[in-house]
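Engineer: Handing you a structure now.
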Amino acid sequence: MLELDNIAAGYGKLQILHDMSLRVRPGELVSVVGANGAGKTTTLRVISGLISALSGAVTYEGEPLTGLRPHQIVRRGIVQVSEDRDLFGPMTVEENLVLGAWTRRGVRMTQELERIFELFPILAERRKQAAQSMSGGQQQMLAIGRALMAKPRLLMLDEPSTGLSPKLTWDVLKAVAAIRDTGVSVLLIEQNAAQALSISDRAYVLESGTIALEGPGKELAGDERVKKAYLGL
Amino acid sequence: MSTALEVRDVSKSFRGVQALSEVEIDVAEGSIVGIIGPNGAGKTTFFNVIAGALRPDTGHVKLFGKDVSGMSPHRISRLGMARTFQLMRPFGSMTVRENVVAAALSRGGNHRGAHHHAHDVIEATGMAAWADMVSDSLHTAALKRLELARVLATRPRLLLLDEVLAGLVPAERAPVVELLAHLRESEGLTLVFVEHIMQAVMQLSDSVVVFDRGRVIASGEPAEVVADPTVVEAYLGQELPGA
Amino acid sequence: MTITTETRPGSAAVRNRRQSIQRSLIILVVITVLAAFAPALLPESSQTIAVRVLIFAIMAIGWNLMSGYGGMFSFGHAAFFGIGAYTDVYLLEHFGLSPWISLVVGAMLAALVAICIGYLAFRYKLRSAYFALATFAFAEMLRLLATNTSWVNGTTGFHVPLLPDNSWSMLQFAANAPQYYYIGLALVVICLLITMFYLRSRTGIHTVAVRDNEDAADALGVNVMRVKLTTMALSAAITSVAGMFYAQYFMFVDPDIAFGQAQSVQAIAPAVIGGVATLWGPLVGALILGPLSDLTAGWLRDPPAFLEFLSGRGGLDVVLYSILLIVIALVLPKGIVGSIRDWWKRR
Amino acid sequence: GSGGSSGNDKVIKIGTLHPLSGANAGDGTQLENGVKLGIKAINDAGGIKALGGAKLELDGGDTKGTPDTGQSEAQRLVGDGVVALVGTYQSAVSANVAAVAERNKVPFVMDVSGDDAILSHGYKYSFRMQPQNSRFGTTAAQYVKAIAAAANRPVTKVAYLHEATAFGTGVYQAFKAEAQKSGLQMGPEITYDAASVSDLTTQIAQVKASGANVLVVSGYYRDGVLAAKAIQTVKPALDAVVGAADGAFDQPQFPTDAGSASQGYFDVNYHFDDKSADAKAFSALYKTTYKDEARTGAALAYDSVRVIAAALEKAGSTDASKVRDAIAQTNLTPLTLSDGPIKFSDKGENSTSLPVLTQVQNGAPVVVYPQSAAVKSPVYPANPGQ
Amino acid sequence: MTGPTKTGEVVPSKDGTALRGGSRATSRLGLRHSTPLIVTGALLVVLFIAALLRSGSMGITGQALLTGIISGGVYSLLAMGLTLVFGVLDIVNFAHGAFLAVGLYITYEVAHQAGLNPYIALPVAILGLFVLGVLIQLLLLNRTMGGTLERQLLITLGLSLLISNVLLLVFGGDPLSANLKSDPGVHVFGAVANLSRVIALGGALVLAVLVFLLLERTSFGRAIRAVAASRQGAGLVGIDVRLVYAVTFGLGTACAGAAGMLIAPFTTITPTAGDQFNILAFVVVVMGGLGNVMGAVISGLIVGLVEQLGGVAIAGQSPLLGVFILFLLILLIRPQGIFGAASS
Ligand SMILES: Nc1ncnc2c1ncn2[C@@H]1O[C@H](COP(=O)(O)OP(=O)(O)OP(=O)(O)O)[C@@H](O)[C@H]1O
Ligand SMILES: Nc1ncnc2c1ncn2[C@@H]1O[C@H](COP(=O)(O)OP(=O)(O)OP(=O)(O)O)[C@@H](O)[C@H]1O
Ligand SMILES: [Mg+2]
Ligand SMILES: [Mg+2]
């Protein structure tokens with residue numbers, strides 16, 4: 001479904017990704033773990049068109065994504081929840097969610113909103129509050145909710161559990177698994193490697209801009225090297 | 001032991017949202033207090049009120065015996081309190097060293113002294129290799145350490161940390177937790193920290209305070225608190241697999 | 001294979017080559033020595049332009065300190081320029097005071113006004129565009145006040161009376177005397193030195209910190225208001241010096257010249273073109289902008305044959321000038337010095 | 001200073017400083033064209049004979065309407081070795097250029113620039129062709145009184161509307177002083193900001209409320225048109241609207257821009273001598289050359305060149321101080337209405353220049369007073385805006 | 001300035017409202033904050049009484065009121081386009097006056113060359129300037145988006161110079177006019193205004209409502225506000241950010257074009273005719289709150305009133321002085337402008 005082949009990318013003269021390759025198959029939940037600064041976010045940015053690769057190819061359903069702008073990529077069903085959340089601060093929670101469905105003209109908004117409110121009831125309660133005045137965790141929920149409004153076919157999540165309470169973290173990860181079960185492919189970046197690996201079909205370990213390890217989620221979770229590095233405290 | 005921080009009856013609301021109500025907390029000098037609670041419980045607001053970024057609707061905050069309610073952040077800071085932000089806020093155009101020097105300079109003293117102190121703090125926080133990097137281009141882990149280094153450069157007696165571990169991979173967390181524990185041991189620093197990473201909370205705190213909907217719903221020994229059914233219900237949820 | 005997870009810089013971070021103050025000083029000396037030969041090399045008729053370059057440079061250095069390094073975008077630097085100019089001509093006309101004394105008085109007055117404006121604006125956390133427009137409104141108000149106030153001669157403004165002989169104390173020389181150029185050059189050098197040392201002082205460091213993140217600086221114990229006001233006052237004082245020198249050189253000041261919008265633009269444009277928040281940017285920008293309009297006017301004084309139908313119609317040179325301005329702003333997003341510095345780092 | 005040897009193919013440069021871009025580009029271009037025609041006329045007539053038929057050459061500068069550009073351009077022209085400067089239309093710019101001229105000892109002939117203050121510093125090298133602003137105020141008061149008396153329709157009260165800068169205020173004060181001397185009753189003084197005004201209805205309502213039967217206006221072109229339109233809308237009961245050096249009421253395009261509102265408007269200003277054959281020839285030449293109606297300012301610019309050329313002939317030299325002395329003794333019949341040949345006072349004012357009264361009649365401004373200069377007789381009361 | 005702060009955390013200020021970098025406002029009528037409105041209202045009443053006492057005539061004061069509202073309409077018209085561009089693109093557009101001048105010349109061409117009623121030029125001016133604006137945004141400004149204030153300032157200043165001097169080259173510097181065949185006075189309670197000015201006021205109000213509806217009631221308007229709030233976020237939900245920028249800038253210039261056409265019948269047309277409005281239009285924009293179209297309209301009327309009543313009440317001073325004093329007062333009481341919305 002999504003293929004990254006020998007990607008090199010970076011910021012200015014800084015090269016972050018070196019010869020990086022990765023695959024997501026239809027209906028698969030793939031996670032990427034790696035140290036801080038390894039290039040996980042950069043990888044997502046390349047896919048969603050926020051930065052362009054220096055070399056290598058990104059292919060989605062057989063078509064190259066190279067040169068497409070972010071909104072064109074979203075229209076193909078690839079939706080990202082970014083680390084910074086990128087919410088529309090002064091707009092209300094509801095407006096943020098409705099805008100999430102920008103690429104889906106003519107859908108029944110109320111129904112779509114209900115779907116999200118079921119997952120995050122606090123958003124229903126605060127539908128008229130400005131996004132920027134929500135707490136850190138509430139904003140994270142809103143960002144995920146907004147992405148789901150787009151009914152993505154490939155959902156990319158950048159550390160969705162950051163700042164969420166333990167209870168919510170688990171809720172969110174379960175929801176992600178449930179989303180995968182509806183046929184959506186998911187590319188997940190998570191610091192809670194243990195939990196992430198436990199729900200992943202496959203996983204990659206990213207190190208200094210290249211893939212160091214690859215394998216089924218459960219298998220990697222059992223790998224001694226991974227255990228030592230990511231499952232510690 | 002004397003109290004570092006004394007919070008009495010503090011309430012704060014934002015147009016209909018009661019972010020804090022009648023919060024009372026005492027923090028003994030040299031102790032480490034962990035604050036947990038569901039998202040939106042009011043933890044960050046609580047920090048904002050203590051640090052002077054927000055004015056409480058009611059109540060008082062006493063810092064080392066001095067009433068600081070309504071004081072401006074920089075004056076409170078000079079009484080020995082320092083805070084980090086939930087989202088990192090480096091002085092982006094400056095290098096790590098310059099960031100730390102700028103912080104050290106806010107405490108008087110000459111440039112030479114500030115540079116020495118900054119050097120020490122950078123060593124202590126493991127930032128030596130980063131010292132000449134422009135802080136805008138740092139990654140999460142380095143930024144979190146920079147935040148720490150910067151507040152330490154102000155020679156605080158009380159430190160408020162808002163989710164310093166968020167966004168760090170597990171291997172990165174350990175050294176930070178060690179550093180914090182070490183600071184208390186060697187410098188007698190008082191720590192109040194907000195954290196969702198429960199292992200760290202359990203490992204570090206002398207006592208834990210639980211917020212929910214602006215109220216303190218439980219407090220006490222870490223082990224006691226996590227066993228409290230209301231806390232499990234509101235915050236922890238079911239047992240975490242793999243945790 | 002092992003997996004590394006510890007935090008290390010690797011290649012993935014920008015290493016900053018800090019400019020040492022010694023290096024800046026050496027560059028300054030070189031520039032000054034080179035510039036000292038300019039009057040000997042340039043044709044006599046271009047000396048007005050040379051002096052104009054210096055005046056632009058002083059204004060832009062002042063603006064850059066506050067708006068570049070301090071991040072407080074001023075669109076009203078004409079206010080400070082005008083205060084400098086008016087203080088000079090007023091004290092000269094009414095008390096026969098030496099411009100050198102007026103320089104000090106004007107600088108203090110400008111600093112004082114800056115502190116008042118700043119205090120009001122920052123107390124209410126005015127930022128970016130709001131702040132810019134507030135400063136703009138202040139300058140406009142001063143212009144209107146000067147226009148309607150009879151004791152500063154209303155719209156007529158002031159003339160500096162001609163003296164029979166050169167006078168250092170009254171800062172007046174024969175037209176095109178090289179003294180003007182050298183005094184201007186000295187003022188520019190002094191302003192650059194002030195900028196250099198200020199930026200290394202405690203308040204200077206905090207100025208940049210506050211620009212980068214005000215709340216963080218506040219929480220770290222920086223007195224944000226004091227830092228901002230100090231920077232603003234210094235910036236205003238520097239710009240007022242340009243006003244004084246302008247009045248002495250052009251010997252005429254009226255409300256539009258002193259407080260008009262064009263003057264504010266002239267403080268901003270050289271800094272932007274040269275490179276905002278760079279030490280040499282304002283100087284480089286002034287070197288380009290100062291002669292630019294004369295150059296375009298010169299090229300087109302006799303339009304090429306295919307444009308002959310335009311002859312007798314003014315404006316073509318301004319068209320060319322404005323196109324150049326736009327192109328520079330587009331091609332060099334960080335200004336000339338900023339772009340060169342980036343390129344240097346990227347090599 | 002300037003100087004140089006003389007020779008047969010020698011050219012003598014004359015520097016011009018006019019606003020060729022910016023808000024006053026229209027008038028600046030007219031003046032510049034006037035200079036060009038003047039130079040052409042002299043050269044066609046054989047150049048400066050006293051200097052072996054040396055040809056004049058234009059060295060043009062664009063002031064962009066700002067004093068500092070004016071000054072640096074002036075400095076450039078002086079550096080280029082011009083024998084004299086002509087300019088500048090705006091008083092603030094002229095004031096600056098006059099100082100440059102004085103310091104460099106280069107003669108400066110002002111074609112258009114009215115502010116009295118320019119020549120109040122005792123400058124030796126500056127001369128002015130047009131009447132200074134205060135004279136418009138003084139003569140306006142005299143003319144108003146005279147034509148009203150002639151029509152047997154006494155002036156009960158004069159309301160005065162003027163823009164608020166030195167120009168409007170200066171003319172107003174001269175008018176008021178003369179009015180007090182001659183017993184004209186003054187009504188309200190109403191001012192406005194010419195740079196920002198976009199509607200004068202309220203001001204005209206004040207005129208109406210004051211009960212004045214004559215309104216005197218001193219302003220620029222754009223606000224003059226605004227005033228005329230406001231008067232037509234508010235319809236105060238006025239016998240006459242009289243411009244005192246107003247920038248609109250004597251302009252050929254004013255009736256086009258203000259439409260029927262312009263009918264009957266008076267203006268006191270400098271003006272072509274419509275009866276002189278030279279002036280007619282100049283107008284015709286201007287029109288064929290530039291496809292545009294010549295304004296009086298162009299004639300003043302043209303005359304400025306003639307003054308300089310005559311001075312060169314007389315001095316027989318390009319030496320600046322000799323040319324200056326020769327200009328001071330000018331004796332030359334101008335294209336504009338005057339009390340005789342051009343003569344400069346000690347201060348450099350053209351003492352024979354004569355403001356005249358024009359009136360818009362049948363869609364064109366014509367001279368109606370004083371009788372010696374008049375082409376038509378004044379219609380009074382003019383019932384403006386009715 | 002190191003670019004906008006990341007979306008995501010409240011920046012608290014003392015009164016609990018959140019102010020971000022440029023404090024972009026949404027376009028809701030934030031009437032909850034009544035202090036500045038009361039101050040403004042009080043000032044207007046004081047000015048009215050002072051004007052009445054000073055002139056001693058209800059007729060004059062009434063005329064000042066009417067003229068104030070009418071010329072305020074012109075300011076609103078101009079400010080609307082500016083505030084859109086300001087609020088959404090963060091561009092301080094100094095070329096706005098020059099765009100207005102283009103509208104004037106389009107009207108002149110239609111009225112004179114084609115010999116038609118000037119109002120026929122309205123669609124031409126709107127469309128022409130929309131296209132011009134879109135092109136300028138696509139070709140020039142899009143490359144500078146997200147940058148700092150000063151660079152765009154330089155570009156728009158350059159544009160302003162460029163446009164007015166091209167107009168000078170093409171049309172010459174002499175004033176032109178595009179009068180109506182007949183422009184009778186309309187009488188309201190003893191005061192009077194030209195028909196063309198009344199039409200301009202009406203046009204301003206209609207246009208304001210249209211723009212307001214576009215922003216608040218259409219999904220494209222929501223997209224515009226989303227882009228204003230977070231450029232990256234907008235891209236990530238599938239909005240074509242560059243297109244939104246271009247259309248928004250086009251709308252802004254189209255407003256200037258409409259303004260130019262509507263004021264043409266009572267304005268002297270010169271290449272720099274728009275410049276005199278620039279300064280006041282900015283004052284109106286800030287008073288109304290950046291990006292707030294309705295705020296701009298109401299502030300425009302207030303500025304018109306203050307200017308006219310002040311002109312009568314404090315004769316001898318420039319009427320603009322009153323406007324600037326009010327402006328600073330409002331900035332100091334309420335930095336977001338009278339109608340700038342606070343967060344939530
Ligand atoms: N805009 C930028 N400009 C310059 N460098 C950047 C920029 N964004 C990221 N970097 C650098 O690129 C490297 C990789 O960043 P990236 O965000 O991809 O890491 P990551 O694996 O997502 O890590 P984490 O999110 O845990 O910090 C880091 O060293 C970071 O400092
Ligand atoms: N400026 C504001 N306006 C309106 N509501 C606000 C504002 N600031 C905070 N709130 C609300 O107050 C409550 C407490 O927020 P706070 O940021 O203190 O939560 P928190 O405990 O830090 O949560 P998290 O763990 O998610 O960071 C939340 O419901 C939030 O939406
Ligand atoms: Mg990341
Ligand atoms: Mg929080």
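Labels for the structure tokens follow display order: chains A, B, ..., residues from 1 in each chain, ligands from 1.
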Using only C-alpha atoms, what table do you get, as a Markdown table, when you list each residue of range 38-118 of chain C with an atom no more than 9 Å from range 207-224 of chain C, its nearest pair of atoms, and their distance in Å rounded to one decimal, rows by chain then rising number?
Structural biologist:
```
| residue | atom | partner | partner_atom | distance |
| --- | --- | --- | --- | --- |
| C:Met66 | CA | C:Thr207 | CA | 8.7 |
| C:Tyr69 | CA | C:Val208 | CA | 5.7 |
| C:Gly70 | CA | C:Arg211 | CA | 5.4 |
| C:Gly71 | CA | C:Arg211 | CA | 5.1 |
| C:Met72 | CA | C:Arg211 | CA | 7.7 |
```
Engineer: If you run DSSP on the backbone, which residues of range 2-242 of chain B are alpha helix (DSSP H), as a ChimeraX atom specification?
Structural biologist: /B:43-51,73-78,96-105,111-124,140-153,170-187,198-204,222-227,229-231
Engineer: So which residues are near ligand 3, meaning at most 9 Å away with only C-alpha atoms and all ligand atoms counted, given back as a PDB file with all heavy atoms, in the first residue's frame?
Structural biologist:
```pdb
ATOM      1  N   ASN A  36      14.900   9.303  20.599  1.00  0.00           N
ATOM      2  CA  ASN A  36      14.570  10.683  20.301  1.00  0.00           C
ATOM      3  C   ASN A  36      15.546  11.208  19.263  1.00  0.00           C
ATOM      4  O   ASN A  36      16.749  11.023  19.380  1.00  0.00           O
ATOM      5  CB  ASN A  36      14.669  11.547  21.561  1.00  0.00           C
ATOM      6  CG  ASN A  36      13.561  11.234  22.547  1.00  0.00           C
ATOM      7  OD1 ASN A  36      13.810  10.813  23.668  1.00  0.00           O
ATOM      8  ND2 ASN A  36      12.343  11.406  22.111  1.00  0.00           N
ATOM      9  N   GLY A  37      15.003  11.827  18.258  1.00  0.00           N
ATOM     10  CA  GLY A  37      15.865  12.402  17.239  1.00  0.00           C
ATOM     11  C   GLY A  37      16.292  11.418  16.172  1.00  0.00           C
ATOM     12  O   GLY A  37      17.081  11.757  15.302  1.00  0.00           O
ATOM     13  N   ALA A  38      15.752  10.200  16.223  1.00  0.00           N
ATOM     14  CA  ALA A  38      16.154   9.200  15.240  1.00  0.00           C
ATOM     15  C   ALA A  38      15.613   9.540  13.854  1.00  0.00           C
ATOM     16  O   ALA A  38      16.154   9.112  12.843  1.00  0.00           O
ATOM     17  CB  ALA A  38      15.660   7.817  15.668  1.00  0.00           C
ATOM     18  N   GLY A  39      14.530  10.290  13.792  1.00  0.00           N
ATOM     19  CA  GLY A  39      13.988  10.676  12.492  1.00  0.00           C
ATOM     20  C   GLY A  39      12.580  10.168  12.259  1.00  0.00           C
ATOM     21  O   GLY A  39      12.104  10.160  11.127  1.00  0.00           O
ATOM     22  N   LYS A  40      11.887   9.787  13.333  1.00  0.00           N
ATOM     23  CA  LYS A  40      10.532   9.244  13.178  1.00  0.00           C
ATOM     24  C   LYS A  40       9.585  10.296  12.613  1.00  0.00           C
ATOM     25  O   LYS A  40       8.872  10.071  11.639  1.00  0.00           O
ATOM     26  CB  LYS A  40      10.016   8.751  14.538  1.00  0.00           C
ATOM     27  CG  LYS A  40      10.950   7.754  15.218  1.00  0.00           C
ATOM     28  CD  LYS A  40      10.412   7.289  16.557  1.00  0.00           C
ATOM     29  CE  LYS A  40      10.344   8.356  17.623  1.00  0.00           C
ATOM     30  NZ  LYS A  40      11.658   8.806  18.131  1.00  0.00           N
ATOM     31  N   THR A  41       9.607  11.481  13.259  1.00  0.00           N
ATOM     32  CA  THR A  41       8.720  12.543  12.795  1.00  0.00           C
ATOM     33  C   THR A  41       9.083  12.965  11.374  1.00  0.00           C
ATOM     34  O   THR A  41       8.209  13.197  10.537  1.00  0.00           O
ATOM     35  CB  THR A  41       8.821  13.742  13.747  1.00  0.00           C
ATOM     36  OG1 THR A  41       8.453  13.304  15.046  1.00  0.00           O
ATOM     37  CG2 THR A  41       7.928  14.876  13.308  1.00  0.00           C
ATOM     38  N   THR A  42      10.362  13.013  11.120  1.00  0.00           N
ATOM     39  CA  THR A  42      10.810  13.397   9.778  1.00  0.00           C
ATOM     40  C   THR A  42      10.252  12.438   8.735  1.00  0.00           C
ATOM     41  O   THR A  42       9.820  12.854   7.656  1.00  0.00           O
ATOM     42  CB  THR A  42      12.345  13.414   9.736  1.00  0.00           C
ATOM     43  OG1 THR A  42      12.817  14.230  10.798  1.00  0.00           O
ATOM     44  CG2 THR A  42      12.845  13.979   8.430  1.00  0.00           C
ATOM     45  N   LEU A  44       7.435  10.791   8.852  1.00  0.00           N
ATOM     46  CA  LEU A  44       6.028  11.108   8.618  1.00  0.00           C
ATOM     47  C   LEU A  44       5.896  12.372   7.779  1.00  0.00           C
ATOM     48  O   LEU A  44       5.017  12.485   6.934  1.00  0.00           O
ATOM     49  CB  LEU A  44       5.290  11.292   9.940  1.00  0.00           C
ATOM     50  CG  LEU A  44       5.060  10.057  10.804  1.00  0.00           C
ATOM     51  CD1 LEU A  44       3.939  10.309  11.800  1.00  0.00           C
ATOM     52  CD2 LEU A  44       4.724   8.835   9.958  1.00  0.00           C
ATOM     53  N   SER A  82      -0.073  15.166  13.838  1.00  0.00           N
ATOM     54  CA  SER A  82       1.322  15.534  14.030  1.00  0.00           C
ATOM     55  C   SER A  82       1.652  15.708  15.508  1.00  0.00           C
ATOM     56  O   SER A  82       0.772  15.876  16.349  1.00  0.00           O
ATOM     57  CB  SER A  82       1.648  16.805  13.252  1.00  0.00           C
ATOM     58  OG  SER A  82       0.904  17.866  13.791  1.00  0.00           O
ATOM     59  N   GLU A  83       2.914  15.643  15.771  1.00  0.00           N
ATOM     60  CA  GLU A  83       3.454  15.799  17.110  1.00  0.00           C
ATOM     61  C   GLU A  83       2.988  17.118  17.742  1.00  0.00           C
ATOM     62  O   GLU A  83       2.639  17.185  18.906  1.00  0.00           O
ATOM     63  CB  GLU A  83       4.979  15.845  16.957  1.00  0.00           C
ATOM     64  CG  GLU A  83       5.757  15.198  18.023  1.00  0.00           C
ATOM     65  CD  GLU A  83       7.235  15.145  17.604  1.00  0.00           C
ATOM     66  OE1 GLU A  83       7.634  15.813  16.621  1.00  0.00           O
ATOM     67  OE2 GLU A  83       7.966  14.426  18.262  1.00  0.00           O
ATOM     68  N   ASP A 158       1.641  10.384  15.301  1.00  0.00           N
ATOM     69  CA  ASP A 158       2.955  10.686  15.870  1.00  0.00           C
ATOM     70  C   ASP A 158       2.830  10.861  17.372  1.00  0.00           C
ATOM     71  O   ASP A 158       2.358  11.876  17.855  1.00  0.00           O
ATOM     72  CB  ASP A 158       3.515  11.961  15.217  1.00  0.00           C
ATOM     73  CG  ASP A 158       5.021  12.091  15.425  1.00  0.00           C
ATOM     74  OD1 ASP A 158       5.567  11.317  16.227  1.00  0.00           O
ATOM     75  OD2 ASP A 158       5.628  12.974  14.793  1.00  0.00           O
ATOM     76  N   GLU A 159       3.214   9.847  18.079  1.00  0.00           N
ATOM     77  CA  GLU A 159       3.162   9.861  19.538  1.00  0.00           C
ATOM     78  C   GLU A 159       1.813  10.308  20.079  1.00  0.00           C
ATOM     79  O   GLU A 159       1.713  11.291  20.801  1.00  0.00           O
ATOM     80  CB  GLU A 159       4.285  10.754  20.097  1.00  0.00           C
ATOM     81  CG  GLU A 159       5.632  10.342  19.541  1.00  0.00           C
ATOM     82  CD  GLU A 159       6.776  11.044  20.231  1.00  0.00           C
ATOM     83  OE1 GLU A 159       6.542  11.618  21.305  1.00  0.00           O
ATOM     84  OE2 GLU A 159       7.891  10.981  19.698  1.00  0.00           O
ATOM     85  N   ILE A 189       3.685   5.891  15.600  1.00  0.00           N
ATOM     86  CA  ILE A 189       4.934   6.177  16.297  1.00  0.00           C
ATOM     87  C   ILE A 189       4.593   6.316  17.760  1.00  0.00           C
ATOM     88  O   ILE A 189       3.658   7.028  18.111  1.00  0.00           O
ATOM     89  CB  ILE A 189       5.568   7.464  15.748  1.00  0.00           C
ATOM     90  CG1 ILE A 189       6.061   7.216  14.334  1.00  0.00           C
ATOM     91  CG2 ILE A 189       6.698   7.924  16.648  1.00  0.00           C
ATOM     92  CD1 ILE A 189       6.611   8.426  13.671  1.00  0.00           C
TER      93      ILE A 189
ATOM     94  N   HIS B 139      16.311  17.960  19.216  1.00  0.00           N
ATOM     95  CA  HIS B 139      15.157  17.067  19.288  1.00  0.00           C
ATOM     96  C   HIS B 139      14.605  17.022  20.708  1.00  0.00           C
ATOM     97  O   HIS B 139      15.160  17.602  21.637  1.00  0.00           O
ATOM     98  CB  HIS B 139      15.482  15.678  18.763  1.00  0.00           C
ATOM     99  CG  HIS B 139      16.556  14.964  19.524  1.00  0.00           C
ATOM    100  ND1 HIS B 139      16.428  14.649  20.847  1.00  0.00           N
ATOM    101  CD2 HIS B 139      17.779  14.544  19.139  1.00  0.00           C
ATOM    102  CE1 HIS B 139      17.525  14.035  21.249  1.00  0.00           C
ATOM    103  NE2 HIS B 139      18.363  13.968  20.220  1.00  0.00           N
ATOM    104  N   THR B 140      13.478  16.338  20.830  1.00  0.00           N
ATOM    105  CA  THR B 140      12.725  16.371  22.067  1.00  0.00           C
ATOM    106  C   THR B 140      13.572  16.124  23.311  1.00  0.00           C
ATOM    107  O   THR B 140      13.501  16.880  24.281  1.00  0.00           O
ATOM    108  CB  THR B 140      11.606  15.316  22.013  1.00  0.00           C
ATOM    109  OG1 THR B 140      11.045  15.350  20.712  1.00  0.00           O
ATOM    110  CG2 THR B 140      10.555  15.595  23.040  1.00  0.00           C
ATOM    111  N   GLY B 167       7.249  12.384  25.884  1.00  0.00           N
ATOM    112  CA  GLY B 167       7.936  12.426  24.600  1.00  0.00           C
ATOM    113  C   GLY B 167       9.318  11.806  24.627  1.00  0.00           C
ATOM    114  O   GLY B 167       9.976  11.726  23.604  1.00  0.00           O
TER     115      GLY B 167
END
```
Engineer: Point out the residue among A:Thr43, A:Ser55, A:Asn192, A:Asn6 with the least atom-to-atom distance to ligand 1, counting only C-alpha atoms and all ligand atoms.
Structural biologist: A:Thr43
Engineer: Within 9 Å of Trp170 in chain A, counting only C-alpha atoms, which residues qualify if same-chain residues fewer than 3 places away don't, as a compact mmCIF listing (two decimals) with N, CA and C atoms, in the first residue's frame?
Structural biologist:
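around.txt, freshly written:
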```txt
# COMPACT_ATOMS: atom_id res chain seq x y z
N SER A 161 0.01 9.20 22.37
CA SER A 161 -0.27 9.10 23.81
C SER A 161 0.50 10.11 24.63
N SER A 165 -3.26 10.61 30.08
CA SER A 165 -3.22 9.84 31.32
C SER A 165 -3.09 8.36 30.97
N PRO A 166 -2.59 7.55 31.90
CA PRO A 166 -2.42 6.13 31.61
C PRO A 166 -3.71 5.50 31.10
N LYS A 167 -4.82 5.88 31.71
CA LYS A 167 -6.09 5.30 31.32
C LYS A 167 -6.39 5.64 29.87
N LEU A 173 -4.89 3.63 22.39
CA LEU A 173 -4.24 2.55 21.66
C LEU A 173 -5.24 1.47 21.28
N LYS A 174 -6.18 1.22 22.17
CA LYS A 174 -7.22 0.24 21.83
C LYS A 174 -8.04 0.74 20.65
N ALA A 175 -8.33 2.05 20.70
CA ALA A 175 -9.10 2.63 19.60
C ALA A 175 -8.34 2.52 18.29
N GLN A 195 3.46 -1.16 24.82
CA GLN A 195 2.05 -1.21 24.45
C GLN A 195 1.88 -1.17 22.94
N GLY B 237 -7.09 3.54 35.28
CA GLY B 237 -7.76 2.56 34.44
C GLY B 237 -7.28 1.17 34.76
N GLN B 238 -7.53 0.27 33.82
CA GLN B 238 -7.16 -1.11 34.09
C GLN B 238 -5.65 -1.29 34.13
N LEU B 240 -2.05 -2.05 33.16
CA LEU B 240 -1.45 -1.87 31.85
C LEU B 240 -0.66 -3.11 31.45
```
Engineer: Kindly provide, as a PyMOL selection string, all nucleotide and amino acid residues lying within 9 Å of ligand 2, counting only C-alpha atoms and all ligand atoms.
Structural biologist: (chain A and resi 122+126+129-140+163-165) or (chain B and resi 12-20+36-48+86+162-163+194-196+211-214) or (chain E and resi 9-13+16-18+343-344)
Engineer: Residues of chain C that have any atom at most 6 Å from an atom of chain D: could you tabulate them with the shortest-distance atom pair and the distance in Å to one decimal, using only C-alpha atoms, ordered by chain and increasing number, as CSV?
Structural biologist:
```
residue,atom,partner,partner_atom,distance
C:Ser45,CA,D:Gly79,CA,4.6
C:Thr48,CA,D:Ser72,CA,5.8
C:Thr155,CA,D:Thr165,CA,5.3
C:Thr156,CA,D:Ala166,CA,5.8
C:Ala175,CA,D:Arg103,CA,5.9
C:Gly314,CA,D:Leu20,CA,4.5
C:Gly315,CA,D:Ser21,CA,5.0
```
Engineer: Mind listing as a ChimeraX atom specification which residues of chain C are within 7 Å of chain E, counting only C-alpha atoms?
Structural biologist: /C:71,120-121,124,126-129,134,137,141,144,148,211-212,269,272,313-316,318-319,322-323,325-326,329
